[in-house]
Every structure is written in structure tokens, then in C-alpha cells.
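To be precise, the following lines are entry.csv, and they hold CSV, C-alpha atoms and all ligand atoms.
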```csv
chain,number,residue,atom,x,y,z
G,3,MET,CA,5.1,1.8,-18.8
G,4,PRO,CA,3.6,-1.2,-17.0
G,5,ILE,CA,4.5,-4.5,-18.6
G,6,VAL,CA,3.1,-8.0,-18.4
G,7,HIS,CA,5.7,-10.3,-17.0
G,8,LYS,CA,5.4,-14.1,-17.1
G,9,GLY,CA,7.6,-15.1,-14.2
G,10,THR,CA,8.2,-17.9,-11.9
G,11,VAL,CA,8.1,-18.2,-8.1
G,12,VAL,CA,11.6,-18.2,-6.6
G,13,GLU,CA,10.4,-18.6,-2.9
G,14,ASN,CA,7.2,-18.3,-0.9
G,15,LYS,CA,8.0,-18.0,2.8
G,16,LYS,CA,5.5,-17.9,5.7
G,17,VAL,CA,6.2,-14.9,7.9
G,18,GLY,CA,3.8,-14.5,10.8
G,19,SER,CA,0.3,-14.5,9.3
G,20,TYR,CA,1.7,-13.6,5.8
G,21,PHE,CA,3.5,-15.1,2.9
G,22,VAL,CA,6.5,-13.2,1.4
G,23,LEU,CA,6.4,-14.3,-2.3
G,24,THR,CA,9.5,-13.7,-4.4
G,25,ALA,CA,9.0,-13.9,-8.2
G,26,THR,CA,11.1,-13.2,-11.2
G,27,ALA,CA,10.0,-10.0,-12.8
G,28,ALA,CA,12.9,-9.1,-15.2
G,29,GLU,CA,12.3,-5.4,-16.0
G,30,ILE,CA,10.1,-4.4,-13.0
G,31,PRO,CA,12.9,-3.7,-10.5
G,32,ASN,CA,14.5,-1.2,-12.9
G,33,GLU,CA,11.3,0.7,-13.4
G,34,PHE,CA,10.1,0.5,-9.8
G,35,LYS,CA,9.7,3.5,-7.4
G,36,PRO,CA,8.5,3.2,-3.8
G,37,GLY,CA,4.7,3.0,-3.6
G,38,ASN,CA,4.2,1.1,-6.9
G,39,PHE,CA,2.1,-2.0,-7.0
G,40,VAL,CA,1.7,-5.0,-9.3
G,41,ALA,CA,-1.5,-6.7,-10.5
G,42,VAL,CA,-1.2,-10.5,-10.2
G,43,ALA,CA,-3.2,-13.0,-12.3
G,44,ILE,CA,-4.9,-15.6,-10.2
G,45,GLY,CA,-4.8,-19.1,-11.7
G,46,ASP,CA,-3.2,-20.2,-14.9
G,47,GLU,CA,-4.1,-19.3,-18.4
G,48,ARG,CA,-6.9,-21.8,-18.6
G,49,SER,CA,-8.3,-21.5,-15.1
G,50,SER,CA,-7.7,-17.9,-14.0
G,51,LEU,CA,-10.2,-15.7,-12.2
G,52,ILE,CA,-11.2,-12.7,-14.4
G,53,LEU,CA,-9.7,-10.0,-12.2
G,54,ARG,CA,-6.1,-9.6,-11.3
G,55,ARG,CA,-5.4,-8.7,-7.6
G,56,ALA,CA,-3.3,-5.8,-6.5
G,57,PHE,CA,-0.2,-6.1,-4.3
G,58,SER,CA,2.2,-3.5,-3.1
G,59,ILE,CA,5.7,-4.1,-4.1
G,60,TYR,CA,7.6,-4.8,-0.9
G,61,GLN,CA,11.2,-5.3,-2.2
G,62,VAL,CA,12.9,-5.4,-5.6
G,63,ASN,CA,16.3,-6.9,-6.6
G,64,ASP,CA,17.8,-6.3,-10.0
G,65,ARG,CA,21.1,-8.1,-9.4
G,66,GLY,CA,20.2,-11.5,-8.0
G,67,VAL,CA,21.0,-14.9,-9.5
G,68,TYR,CA,17.5,-14.9,-11.0
G,69,GLY,CA,17.8,-11.6,-12.7
G,70,GLY,CA,15.2,-9.1,-11.6
G,71,THR,CA,12.9,-10.2,-8.8
G,72,ILE,CA,10.2,-8.6,-6.7
G,73,ASP,CA,8.8,-9.5,-3.3
G,74,ILE,CA,5.1,-9.1,-2.4
G,75,VAL,CA,3.5,-9.8,1.0
G,76,VAL,CA,0.3,-11.9,0.8
G,77,SER,CA,-2.3,-12.0,3.5
G,78,PRO,CA,-4.5,-15.0,2.7
G,79,HIS,CA,-8.2,-14.1,3.1
G,80,GLY,CA,-9.9,-14.9,-0.2
G,81,PRO,CA,-9.6,-17.0,-3.4
G,82,GLY,CA,-6.8,-14.9,-4.9
G,83,THR,CA,-4.6,-14.5,-1.8
G,84,ASP,CA,-5.2,-18.2,-0.9
G,85,TYR,CA,-4.0,-19.2,-4.4
G,86,LEU,CA,-0.8,-17.1,-4.1
G,87,ALA,CA,-0.1,-18.3,-0.6
G,88,ASN,CA,-0.1,-21.9,-2.0
G,89,LEU,CA,2.3,-21.3,-4.9
G,90,LYS,CA,5.5,-23.2,-4.7
G,91,ARG,CA,9.0,-22.6,-6.0
G,92,ASN,CA,9.1,-22.8,-9.9
G,93,ASP,CA,5.3,-22.3,-10.2
G,94,ALA,CA,4.4,-19.8,-13.0
G,95,ILE,CA,3.1,-16.4,-12.0
G,96,ASN,CA,1.9,-13.6,-14.2
G,97,LEU,CA,2.4,-10.0,-13.1
G,98,VAL,CA,1.6,-6.6,-14.5
G,99,GLY,CA,3.6,-3.7,-13.2
G,100,PRO,CA,5.0,-1.4,-11.9
G,101,LEU,CA,1.6,0.3,-11.5
G,102,GLY,CA,0.4,3.4,-9.7
G,103,LYS,CA,2.0,6.7,-8.9
G,104,PRO,CA,4.9,6.4,-6.4
G,105,PHE,CA,5.0,8.2,-3.1
G,106,SER,CA,6.1,11.9,-3.4
G,107,LEU,CA,9.4,12.5,-1.7
G,108,PRO,CA,10.1,15.7,0.1
G,109,LYS,CA,12.5,18.1,-1.7
G,110,ASP,CA,14.4,18.9,1.6
G,111,PRO,CA,15.8,16.4,4.1
G,112,VAL,CA,12.9,16.7,6.6
G,113,PRO,CA,12.0,14.2,9.4
G,114,CYS,CA,9.3,11.7,8.3
G,115,VAL,CA,7.2,9.3,10.3
G,116,LEU,CA,6.1,6.1,8.4
G,117,VAL,CA,3.0,4.3,9.7
G,118,GLY,CA,2.2,0.7,8.5
G,119,GLY,CA,-0.9,-1.2,9.5
G,120,GLY,CA,-0.5,-5.0,9.1
G,121,TYR,CA,0.7,-5.9,5.6
G,122,GLY,CA,0.2,-2.3,4.7
G,123,ALA,CA,3.7,-1.8,6.0
G,124,ALA,CA,5.0,-3.6,2.8
G,125,PRO,CA,5.6,-0.5,0.6
G,126,LEU,CA,7.2,1.5,3.4
G,127,PHE,CA,10.6,-0.1,3.6
G,128,THR,CA,11.8,0.9,0.1
G,129,LEU,CA,10.3,4.3,0.9
G,130,ALA,CA,12.3,4.5,4.1
G,131,GLU,CA,15.5,3.7,2.1
G,132,ALA,CA,14.7,6.4,-0.5
G,133,LEU,CA,14.0,9.0,2.3
G,134,THR,CA,17.2,8.0,4.1
G,135,ALA,CA,19.2,8.4,0.9
G,136,ARG,CA,17.9,12.0,0.8
G,137,GLY,CA,19.0,12.7,4.3
G,138,CYS,CA,15.6,12.5,5.9
G,139,ARG,CA,15.3,11.1,9.4
G,140,VAL,CA,12.8,8.2,9.4
G,141,ASP,CA,10.8,7.0,12.4
G,142,PHE,CA,8.5,4.0,12.1
G,143,ILE,CA,5.2,3.0,13.7
G,144,LEU,CA,3.9,-0.5,13.0
G,145,GLY,CA,0.5,-1.6,14.2
G,146,ALA,CA,-1.8,-4.6,13.8
G,147,SER,CA,-4.7,-6.3,15.5
G,148,THR,CA,-2.4,-8.9,17.0
G,149,GLN,CA,1.4,-9.8,17.1
G,150,GLU,CA,1.4,-12.2,14.2
G,151,LYS,CA,-0.2,-9.7,11.9
G,152,LEU,CA,2.7,-7.2,12.5
G,153,PHE,CA,5.0,-7.1,9.5
G,154,GLY,CA,8.6,-6.1,9.2
G,155,MET,CA,9.6,-5.2,12.8
G,156,LEU,CA,13.2,-6.2,12.5
G,157,GLU,CA,13.7,-4.4,9.2
G,158,ALA,CA,11.9,-1.3,10.5
G,159,ARG,CA,14.2,-1.2,13.5
G,160,ARG,CA,17.2,-1.5,11.3
G,161,ILE,CA,16.4,1.3,8.9
G,162,SER,CA,14.8,3.8,11.3
G,163,THR,CA,15.8,6.1,14.1
G,164,SER,CA,13.0,4.7,16.3
G,165,LEU,CA,10.3,2.1,16.0
G,166,SER,CA,7.0,2.1,18.0
G,167,VAL,CA,4.7,-0.9,17.9
G,168,THR,CA,1.0,-1.1,18.8
G,169,THR,CA,-1.4,-4.1,18.8
G,170,ASN,CA,-5.1,-3.9,19.5
G,171,ASP,CA,-4.9,-6.8,21.9
G,172,GLY,CA,-1.6,-5.9,23.5
G,173,THR,CA,0.3,-9.1,22.4
G,174,ALA,CA,3.2,-6.9,21.2
G,175,GLY,CA,4.2,-3.3,21.9
G,176,GLN,CA,1.7,-0.9,23.3
G,177,MET,CA,-2.0,-2.0,23.5
G,178,GLY,CA,-4.0,0.3,21.2
G,179,LEU,CA,-3.9,1.9,17.8
G,180,VAL,CA,-1.1,3.5,15.8
G,181,THR,CA,-2.7,6.9,16.3
G,182,ASP,CA,-2.2,6.5,20.1
G,183,VAL,CA,1.6,6.8,19.6
G,184,LEU,CA,1.7,9.0,16.5
G,185,PRO,CA,1.4,12.4,18.2
G,186,ASP,CA,4.5,11.6,20.3
G,187,ALA,CA,6.5,10.3,17.3
G,188,ILE,CA,5.6,13.5,15.4
G,189,LYS,CA,6.7,15.7,18.4
G,190,LYS,CA,9.9,13.8,19.2
G,191,SER,CA,11.1,13.8,15.6
G,192,ASN,CA,9.7,17.2,14.7
G,193,ALA,CA,8.3,15.4,11.7
G,194,ALA,CA,7.2,17.4,8.6
G,195,VAL,CA,5.5,14.5,6.7
G,196,VAL,CA,3.7,11.3,7.7
G,197,TYR,CA,3.4,8.5,5.3
G,198,ALA,CA,0.9,5.7,5.9
G,199,CYS,CA,-0.4,2.5,4.3
G,200,GLY,CA,-2.9,0.2,5.9
G,201,PRO,CA,-6.7,-0.1,6.4
G,202,MET,CA,-8.8,2.9,5.3
G,203,LYS,CA,-10.0,3.6,8.8
G,204,MET,CA,-6.4,3.8,10.0
G,205,LEU,CA,-5.4,6.1,7.1
G,206,GLN,CA,-8.3,8.5,7.9
G,207,ALA,CA,-7.2,8.6,11.6
G,208,VAL,CA,-3.5,9.1,10.7
G,209,ALA,CA,-4.5,11.9,8.2
G,210,GLU,CA,-6.5,13.6,11.0
G,211,VAL,CA,-3.6,13.4,13.5
G,212,ALA,CA,-1.2,14.9,10.9
G,213,ALA,CA,-3.6,17.7,10.1
G,214,LEU,CA,-4.0,18.5,13.8
G,215,HIS,CA,-0.2,18.9,14.0
G,216,GLY,CA,-0.2,21.0,10.9
G,217,ILE,CA,1.9,18.6,8.8
G,218,VAL,CA,1.4,16.8,5.5
G,219,SER,CA,0.3,13.2,5.3
G,220,GLN,CA,0.5,10.9,2.3
G,221,THR,CA,-1.8,7.9,2.6
G,222,SER,CA,-1.6,4.9,0.2
G,223,VAL,CA,-5.2,3.8,-0.1
G,224,GLU,CA,-6.4,0.3,-0.6
G,225,GLU,CA,-9.5,0.8,-2.8
G,226,SER,CA,-10.9,-2.2,-4.6
G,227,MET,CA,-9.5,-2.4,-8.1
G,228,ALA,CA,-10.5,-4.3,-11.2
G,229,CYS,CA,-8.3,-3.2,-14.2
G,230,GLY,CA,-5.5,-1.5,-12.3
G,231,ILE,CA,-4.6,0.6,-15.4
G,232,GLY,CA,-7.1,3.5,-15.3
G,233,VAL,CA,-9.8,2.1,-17.6
G,234,CYS,CA,-12.7,0.8,-15.6
G,235,MET,CA,-13.3,3.4,-12.9
G,236,THR,CA,-13.8,0.8,-10.1
G,237,CYS,CA,-11.2,2.3,-7.9
G,238,VAL,CA,-12.4,6.0,-7.8
G,239,LEU,CA,-12.6,8.0,-4.7
G,240,PRO,CA,-13.4,11.7,-4.0
G,241,ILE,CA,-10.3,13.9,-3.8
G,242,ILE,CA,-10.2,17.7,-3.3
G,243,GLY,CA,-7.9,19.3,-5.9
G,244,ASP,CA,-5.6,22.3,-5.4
G,245,ASP,CA,-8.5,24.4,-6.8
G,246,GLY,CA,-10.8,23.3,-4.0
G,247,VAL,CA,-12.9,21.2,-6.4
G,248,THR,CA,-13.7,17.6,-5.6
G,249,ARG,CA,-13.0,15.1,-8.4
G,250,MET,CA,-13.5,11.3,-8.5
G,251,LEU,CA,-9.9,10.2,-9.0
G,252,ARG,CA,-8.7,6.7,-9.9
G,253,SER,CA,-6.6,5.2,-7.1
G,254,CYS,CA,-4.8,2.9,-9.6
G,255,VAL,CA,-3.3,5.7,-11.8
G,256,ASP,CA,-3.8,8.9,-9.8
G,257,GLY,CA,-2.8,7.1,-6.6
G,258,PRO,CA,-2.7,4.9,-4.6
G,259,ALA,CA,-0.9,7.6,-2.5
G,260,PHE,CA,-2.9,10.7,-2.0
G,261,ARG,CA,-2.5,13.6,0.4
G,262,GLY,CA,-4.5,12.6,3.5
G,263,ASP,CA,-6.1,16.0,3.9
G,264,LYS,CA,-7.4,15.9,0.3
G,265,VAL,CA,-9.2,12.6,0.6
G,266,ARG,CA,-12.9,13.0,1.6
G,267,TRP,CA,-12.8,9.9,3.8
G,268,GLN,CA,-16.4,10.1,4.9
G,269,ASP,CA,-17.6,10.1,1.3
G,270,ILE,CA,-15.6,7.1,0.0
G,271,GLY,CA,-18.0,4.8,-1.9
G,272,GLN,CA,-20.2,7.7,-3.0
G,273,ILE,CA,-20.1,10.6,-5.5
G,274,PRO,CA,-20.7,13.7,-3.3
G,275,ASP,CA,-23.2,16.1,-4.9
G,276,ASP,CA,-20.5,18.9,-5.2
G,277,THR,CA,-18.1,16.6,-7.2
G,278,TYR,CA,-17.1,17.9,-10.6
G,279,GLY,CA,-19.3,16.1,-13.1
G,280,ALA,CA,-21.6,14.6,-10.5
G,281,PRO,CA,-25.0,13.5,-11.7
G,282,VAL,CA,-27.5,16.2,-11.2
G,283,PRO,CA,-30.6,14.9,-9.3
G,284,GLY,CA,-33.6,14.7,-11.7
G,285,ASN,CA,-31.4,14.7,-14.9
G,286,HIS,CA,-31.3,11.3,-16.5
X,301,LIG,C1,-2.8,-0.8,-4.2
X,301,LIG,C2,-3.2,-2.1,-3.4
X,301,LIG,C3,-2.2,-2.8,-2.7
X,301,LIG,C4,-2.5,-3.9,-2.0
X,301,LIG,N1,-1.5,-4.6,-1.4
X,301,LIG,C5,-1.7,-5.8,-0.8
X,301,LIG,C6,-0.7,-6.5,-0.2
X,301,LIG,O1,0.5,-6.1,-0.2
X,301,LIG,N2,-1.0,-7.7,0.4
X,301,LIG,C7,-2.3,-8.2,0.4
X,301,LIG,O2,-2.5,-9.3,0.9
X,301,LIG,N3,-3.3,-7.5,-0.2
X,301,LIG,C8,-3.0,-6.3,-0.8
X,301,LIG,N4,-4.1,-5.6,-1.4
X,301,LIG,C9,-5.5,-6.1,-1.2
X,301,LIG,C10,-5.8,-7.3,-2.2
X,301,LIG,O3,-5.5,-6.9,-3.5
X,301,LIG,C11,-7.3,-7.6,-2.1
X,301,LIG,O4,-7.6,-7.9,-0.8
X,301,LIG,C12,-7.7,-8.7,-3.0
X,301,LIG,O5,-9.0,-8.5,-3.3
X,301,LIG,C13,-7.5,-10.1,-2.4
X,301,LIG,O6,-8.0,-11.0,-3.3
X,301,LIG,P1,-8.8,-12.3,-2.8
X,301,LIG,O7,-9.3,-13.0,-4.0
X,301,LIG,O8,-7.9,-13.1,-1.9
X,301,LIG,O9,-10.0,-11.8,-2.0
X,301,LIG,P2,-11.4,-11.2,-2.6
X,301,LIG,O10,-12.3,-12.3,-2.8
X,301,LIG,O11,-11.1,-10.3,-3.7
X,301,LIG,O12,-11.8,-10.4,-1.3
X,301,LIG,C14,-11.9,-11.0,0.0
X,301,LIG,C15,-12.5,-10.0,0.9
X,301,LIG,O13,-11.7,-8.8,0.9
X,301,LIG,C16,-12.5,-7.7,0.5
X,301,LIG,N5,-11.7,-6.9,-0.4
X,301,LIG,C17,-11.4,-7.1,-1.7
X,301,LIG,N6,-10.6,-6.2,-2.2
X,301,LIG,C18,-10.4,-5.3,-1.2
X,301,LIG,C19,-9.6,-4.2,-1.2
X,301,LIG,N7,-8.9,-3.7,-2.2
X,301,LIG,N8,-9.6,-3.5,0.0
X,301,LIG,C20,-10.3,-3.9,1.1
X,301,LIG,N9,-11.0,-5.1,1.0
X,301,LIG,C21,-11.1,-5.7,-0.1
X,301,LIG,C22,-13.7,-8.2,-0.3
X,301,LIG,O14,-14.8,-7.4,-0.1
X,301,LIG,C23,-13.9,-9.6,0.4
X,301,LIG,O15,-14.7,-9.4,1.6
X,301,LIG,C24,-3.8,-4.4,-2.0
X,301,LIG,C25,-4.8,-3.8,-2.7
X,301,LIG,C26,-4.5,-2.6,-3.4
X,301,LIG,C27,-5.6,-1.9,-4.1
X,302,LIG,S1,-9.0,-0.3,-11.3
X,302,LIG,FE1,-9.8,0.2,-13.2
X,302,LIG,S2,-9.6,2.4,-13.3
X,302,LIG,FE2,-8.6,1.9,-11.4
```

Kindly present the structure from the file in C-alpha cells form.
Ligand SMILES: Cc1cc2nc3c(=O)[nH]c(=O)nc-3n(C[C@H](O)[C@H](O)[C@H](O)COP(=O)(O)OP(=O)(O)OC[C@H]3O[C@@H](n4cnc5c(N)ncnc54)[C@H](O)[C@@H]3O)c2cc1C
Ligand code: FES
Amino acid sequence: MPIVHKGTVVENKKVGSYFVLTATAAEIPNEFKPGNFVAVAIGDERSSLILRRAFSIYQVNDRGVYGGTIDIVVSPHGPGTDYLANLKRNDAINLVGPLGKPFSLPKDPVPCVLVGGGYGAAPLFTLAEALTARGCRVDFILGASTQEKLFGMLEARRISTSLSVTTNDGTAGQMGLVTDVLPDAIKKSNAAVVYACGPMKMLQAVAEVAALHGIVSQTSVEESMACGIGVCMTCVLPIIGDDGVTRMLRSCVDGPAFRGDKVRWQDIGQIPDDTYGAPVPGNH
């Protein structure tokens, strides 16, 4: 069950283009599973913006001196993320979580490739630990537009068998996209599953590469959210069910991780005509 937690900021550290914000969050670490996110209030009780903002949970710690804490990675680019980037130690912070369905883990100890785009890498490190604990080989690919937008290279190197890095401008690793190196990583590790989190275009491309290689992908989508708890339908996207029928599913409660081959990437932002319950043209 998600809970509202009135916490305080323990640390807010600049890392490359991002801020890694640690906040007290008493019960969240115990409930947490890799792939969960939190919805963070922006502003204080008198001045807050109406909508909370969603952030993947990057790390949890249930034993530190502050009790339970969580870390999120903030990429400042708008009013909410700018507000969080400017929070200081001991400032109040209001979180709801853990939210969303966690990543599905394979039953058998199969090789997995984890692909993170920019701050999208954040939820993949606890996932890597969970996979390793099950005996899965983990290979990492991190990509970003430029070097300072890469996140978690040292950590990825530490917890994986191999790390490949790409940047669009060639300032770190291979110049290009994560999908340029993904086929090789799949072949070398004999991967059975690809997990990905990052921009939607990257997720679509990763899902296509995985499908070409006949393996499963799990993509954690970043669809705009409002309530974060399944009530408002802001975050819906068309997903093909096991019965072949497309339904508009809520990424906040049915996701954010979906099988990449089940997401109708081209139709995101619309309700395709063949969707279950889609409006019939002419019927009002
Ligand atoms: C499950 C989930 C996990 C996320 N994890 C992180 C994270 O770890 N770190 C992080 O920095 N951000 C993360 N985000 C994205 C973040 O929640 C949004 O970008 C949020 O809107 C930022 O608030 P803002 O007020 O700064 O910008 P806003 O004013 O809300 O938006 C600024 C710009 O970003 C666009 N935008 C808004 N929301 C989204 C969205 N969800 N996807 C793509 N573009 C959007 C807007 O159209 C606008 O152009 C996540 C989102 C989701 C749904
Ligand atoms: S954000 Fe409201 S239903 Fe998903």
C-alpha cells in the first residue's frame, strides 16, 4: 500500500547534470521493489503546485542512522525538478510511495541486459542487485546525449559483467545510440531478457532490437502522470493483452514496466480504433 510520508532531506548532491536527493521515508524501503516510484509534492503545504511529480526510486536504505531513506535522481528541467534540485539538508519533503508495479524478474537465472538512458538508469541498479541475487548474469548499457548526462557508470561497472557506454556526441564511450551496441551485448551474453528505462523513443528502439533477437524486453515507460494512483487516467497507453486485445492501461498502476512487444509505441497519445472500449465514430 502506498503511504504518504512527510520526510526531510538528508542530502542533495550534484552528480553530473543531476541531483541525487536522499530523503527520510520511514516505511518505503521495507515495501520497495525494483521499478517502484514515488510521487513527490512540489512546494510546501501552503505553496505547493497541484500535481505531484513522479521519480523512480534509485536506492533504498532501511538501516541508516536516519531510519529508512530513499534516493531519487532529479534532472532539473521544469518547476518541479528545479524546486527539488534546490532543496537543502533538513528541508521538508512529502512523498507518496512506493507506487507502480515492480519489474518482473525471470524465474530462472538467465542472462539479462539492462539499458538506461540518462536518469532513466536510476531504477536499474536495485534491479541489477535483485537479478544477481537470483544468479542472473547482468550486462549494462548506459547512454545519454552527452557525458554529463550519463548516470551511474561506476556503479554499473561494479555490479555487472560488462558495461557499454554510448553518447550521441561521442564525449564518452562510443558515439551513437544504445541500440548501436545492444545487438552485440545480447549476442555476447546470450541474453534472454532486456530491461530498459529512458526516453520513450529509446524504449521503442530497444523493444524492436529485442524482438528482432527473439527475446523478451521490459520497458519502464515515462508517461506523464497526474494522480499516480490509478484514478485520473492521465497516464494511459495502448497495450496488447495476452488475448491479443488492445486496452488502454494506466502506467502508474499497471506499469510503469510493460513488455516492450506489447506496447503500441506508434499509437501512444491516441486511443486506436480497435482498442477495447474505444469510442465508436458517430456515437456520442
Ligand atoms: C514513472 C516515472 C519516473 C520518473 N523518474 C524520473 C527521475 O528519476 N528523474 C527525473 O528527473 N524525472 C523523472 N520522471 C519525469 C518527471 O516526473 C517529469 O519530467 C516531471 O513532469 C518534472 O516536473 P517539472 O515540474 O520539473 O517539469 P514539468 O513542468 O512537469 O515539465 C517540463 C517539461 O517536461 C515535459 N514532461 C512532463 N512530464 C513528462 C513526462 N512524464 N515524460 C516526458 N516529458 C514530460 C513537459 O511536457 C514539459 O515540456 C519520471 C516520470 C515518471 C512517470
Ligand atoms: S496518473 Fe492518474 S491514473 Fe495514472

Exercise. Name the closest residue to Val167 (chain G) among the candidates G:Val117, G:Thr134, G:Asp64, G:Ala207; distances are taken between atoms, counting all atoms listed in the file.
Key: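 Using all atoms listed in the file, Val167 (chain G) sits closest to G:Val117.
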
Practice problem: Compute the set of protein, DNA and RNA residues whose minimum atom distance to ligand LIG 301 (chain X) is at most 8 Å, using all atoms listed in the file, and state it as a ChimeraX atom specification. | Solution: /G:20,38-40,55-60,74-85,102,121-122,124-125,201,222-227,237,253-254,258

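For ligand LIG 302 (chain X), the neighbouring polymer residues at 8 Å or closer are Ser226, Met227, Ala228, Cys229, Gly230, Ile231, Gly232, Val233, Cys234, Met235, Thr236, Cys237, Val238, Arg252, Ser253, Cys254 and Val255 of chain G, only C-alpha atoms and all ligand atoms being used.
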
Quiz prompt | CA of Val211 (chain G) to CA of Thr148 (chain G), distance in Å rounded to a single decimal | solution = 22.6 Å

Quiz item: Nearest to Ile95 (chain G): which of G:Ile44, G:Met202, G:Val218, G:Leu251 is it, counting all atoms listed in the file?
Solution: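 Looking at the shortest contact to Ile95 (chain G), the residue is G:Ile44.
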
Self-check item: Residue nearest Leu107 (chain G) among G:Ile270, G:Asp263, G:Ala132, G:Leu214 (counting all atoms listed in the file)
Solution: G:Ala132

Quiz item: G:Phe105, G:Phe21, G:Phe34, G:Phe142: which is nearest Thr221 (chain G), counting only C-alpha atoms?
Solution: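 The answer is G:Phe105, which sits nearest to Thr221 (chain G).
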
Quiz item: Rounded to one decimal in Å, what is the spacing between CA of Tyr197 (chain G) and CA of Leu126 (chain G)?
Solution: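 Computing the Euclidean distance for CA of Tyr197 (chain G) and CA of Leu126 (chain G) yields 8.2 Å.
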
Quiz item: Expressed in Å to a single decimal, how great is the separation between CA of Asp141 (chain G) and CA of Thr173 (chain G)?
Solution: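 The value is 21.7 Å.
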
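Residue nearest Asp244 (chain G), chosen from G:Ala259, G:Val265, G:Ala94, G:Leu129 and counting only C-alpha atoms: G:Val265.
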
Exercise. Find the residues near Ala135 (chain G): any atom within 12 Å, counting only C-alpha atoms, skip ones fewer than 3 places away on the same chain, and give them as a PyMOL selection string.
Key: chain G and resi 107-108+110-112+128-132+138-140+161

Exercise. Using all atoms listed in the file, pick whichever of G:Ala212, G:Ile188, G:Val196, G:Met155 has the shortest atom-to-atom distance to Gly175 (chain G).
Key: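 The answer is G:Met155, which sits nearest to Gly175 (chain G).
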
Practice problem: Determine, counting all atoms listed in the file, every residue of protein, DNA or RNA that lies within 7 Å of (6.8, -15.1, -3.1) in the file coordinates, then give the result as a VMD selection string. | Solution: chain G and resid 11 to 15 21 to 25 73 to 74

How would the residues just chosen look if you wrote them out with C-alpha atoms as a PDB file, in the frame of the given file?
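Everything below was put into part-v4.pdb:
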```pdb
ATOM      1  CA  VAL G  11       8.100 -18.200  -8.100  1.00  0.00           C
ATOM      2  CA  VAL G  12      11.600 -18.200  -6.600  1.00  0.00           C
ATOM      3  CA  GLU G  13      10.400 -18.600  -2.900  1.00  0.00           C
ATOM      4  CA  ASN G  14       7.200 -18.300  -0.900  1.00  0.00           C
ATOM      5  CA  LYS G  15       8.000 -18.000   2.800  1.00  0.00           C
ATOM      6  CA  PHE G  21       3.500 -15.100   2.900  1.00  0.00           C
ATOM      7  CA  VAL G  22       6.500 -13.200   1.400  1.00  0.00           C
ATOM      8  CA  LEU G  23       6.400 -14.300  -2.300  1.00  0.00           C
ATOM      9  CA  THR G  24       9.500 -13.700  -4.400  1.00  0.00           C
ATOM     10  CA  ALA G  25       9.000 -13.900  -8.200  1.00  0.00           C
ATOM     11  CA  ASP G  73       8.800  -9.500  -3.300  1.00  0.00           C
ATOM     12  CA  ILE G  74       5.100  -9.100  -2.400  1.00  0.00           C
TER      13      ILE G  74
END
```

Practice problem: Excluding His215 (chain G) and any residue of its chain fewer than 5 positions from it, enumerate the residues within 9 Å of it, using all atoms listed in the file, and give them as an MDAnalysis selection string. | Solution: chainID G and resid 185 188:189 210

Take the residues just selected and output them with C-alpha atoms as a PDB file, in the frame of the given file.
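What ended up in selection_34.pdb:
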```
ATOM      1  CA  PRO G 185       1.400  12.400  18.200  1.00  0.00           C
ATOM      2  CA  ILE G 188       5.600  13.500  15.400  1.00  0.00           C
ATOM      3  CA  LYS G 189       6.700  15.700  18.400  1.00  0.00           C
ATOM      4  CA  GLU G 210      -6.500  13.600  11.000  1.00  0.00           C
TER       5      GLU G 210
END
```

Quiz item: So which residues fall inside 12 Å of (-7.8, 20.9, -4.7) if we count only C-alpha atoms? Mind giving them as a PyMOL selection string?
Solution: chain G and resi 240-251+260-261+263-266+277-278

Self-check item: Polymer residues at most 12 Å from Val180 (chain G), all atoms listed in the file, same-chain spacing of 4 or more positions, as a ChimeraX atom specification
Solution: /G:115-120,142-147,152,165-170,175-176,184-187,198-201,203-209,211

If I only have part of region 182-193 of chain G, can you fill in N, CA and C atoms and write it as a compact mmCIF listing (two decimals), in the coordinates of the input?
```txt
# COMPACT_ATOMS: atom_id res chain seq x y z
N ASP G 182 -2.46 6.24 18.70
CA ASP G 182 -2.20 6.50 20.10
C ASP G 182 -0.73 7.00 20.28
N VAL G 183 0.17 6.47 19.44
CA VAL G 183 1.60 6.80 19.60
C VAL G 183 2.08 7.82 18.56
N LEU G 184 1.23 8.08 17.56
CA LEU G 184 1.70 9.00 16.50
C LEU G 184 1.97 10.41 16.95
N PRO G 185 1.13 11.01 17.79
CA PRO G 185 1.40 12.40 18.20
C PRO G 185 2.81 12.51 18.84
N ASP G 186 3.15 11.54 19.68
CA ASP G 186 4.50 11.60 20.30
C ASP G 186 5.60 11.42 19.32
N ALA G 187 5.42 10.52 18.36
CA ALA G 187 6.50 10.30 17.30
C ALA G 187 6.63 11.59 16.50
N ILE G 188 5.54 12.27 16.21
CA ILE G 188 5.60 13.50 15.40
C ILE G 188 6.39 14.57 16.23
N LYS G 189 6.03 14.69 17.52
CA LYS G 189 6.70 15.70 18.40
C LYS G 189 8.15 15.41 18.55
N LYS G 190 8.46 14.16 18.90
CA LYS G 190 9.90 13.80 19.20
C LYS G 190 10.78 13.99 18.00
N SER G 191 10.26 13.69 16.81
CA SER G 191 11.10 13.80 15.60
C SER G 191 10.99 15.10 14.90
N ASN G 192 10.03 15.91 15.39
CA ASN G 192 9.70 17.20 14.70
C ASN G 192 9.38 16.93 13.24
N ALA G 193 8.55 15.90 13.03
CA ALA G 193 8.30 15.40 11.70
C ALA G 193 7.56 16.49 10.83
```
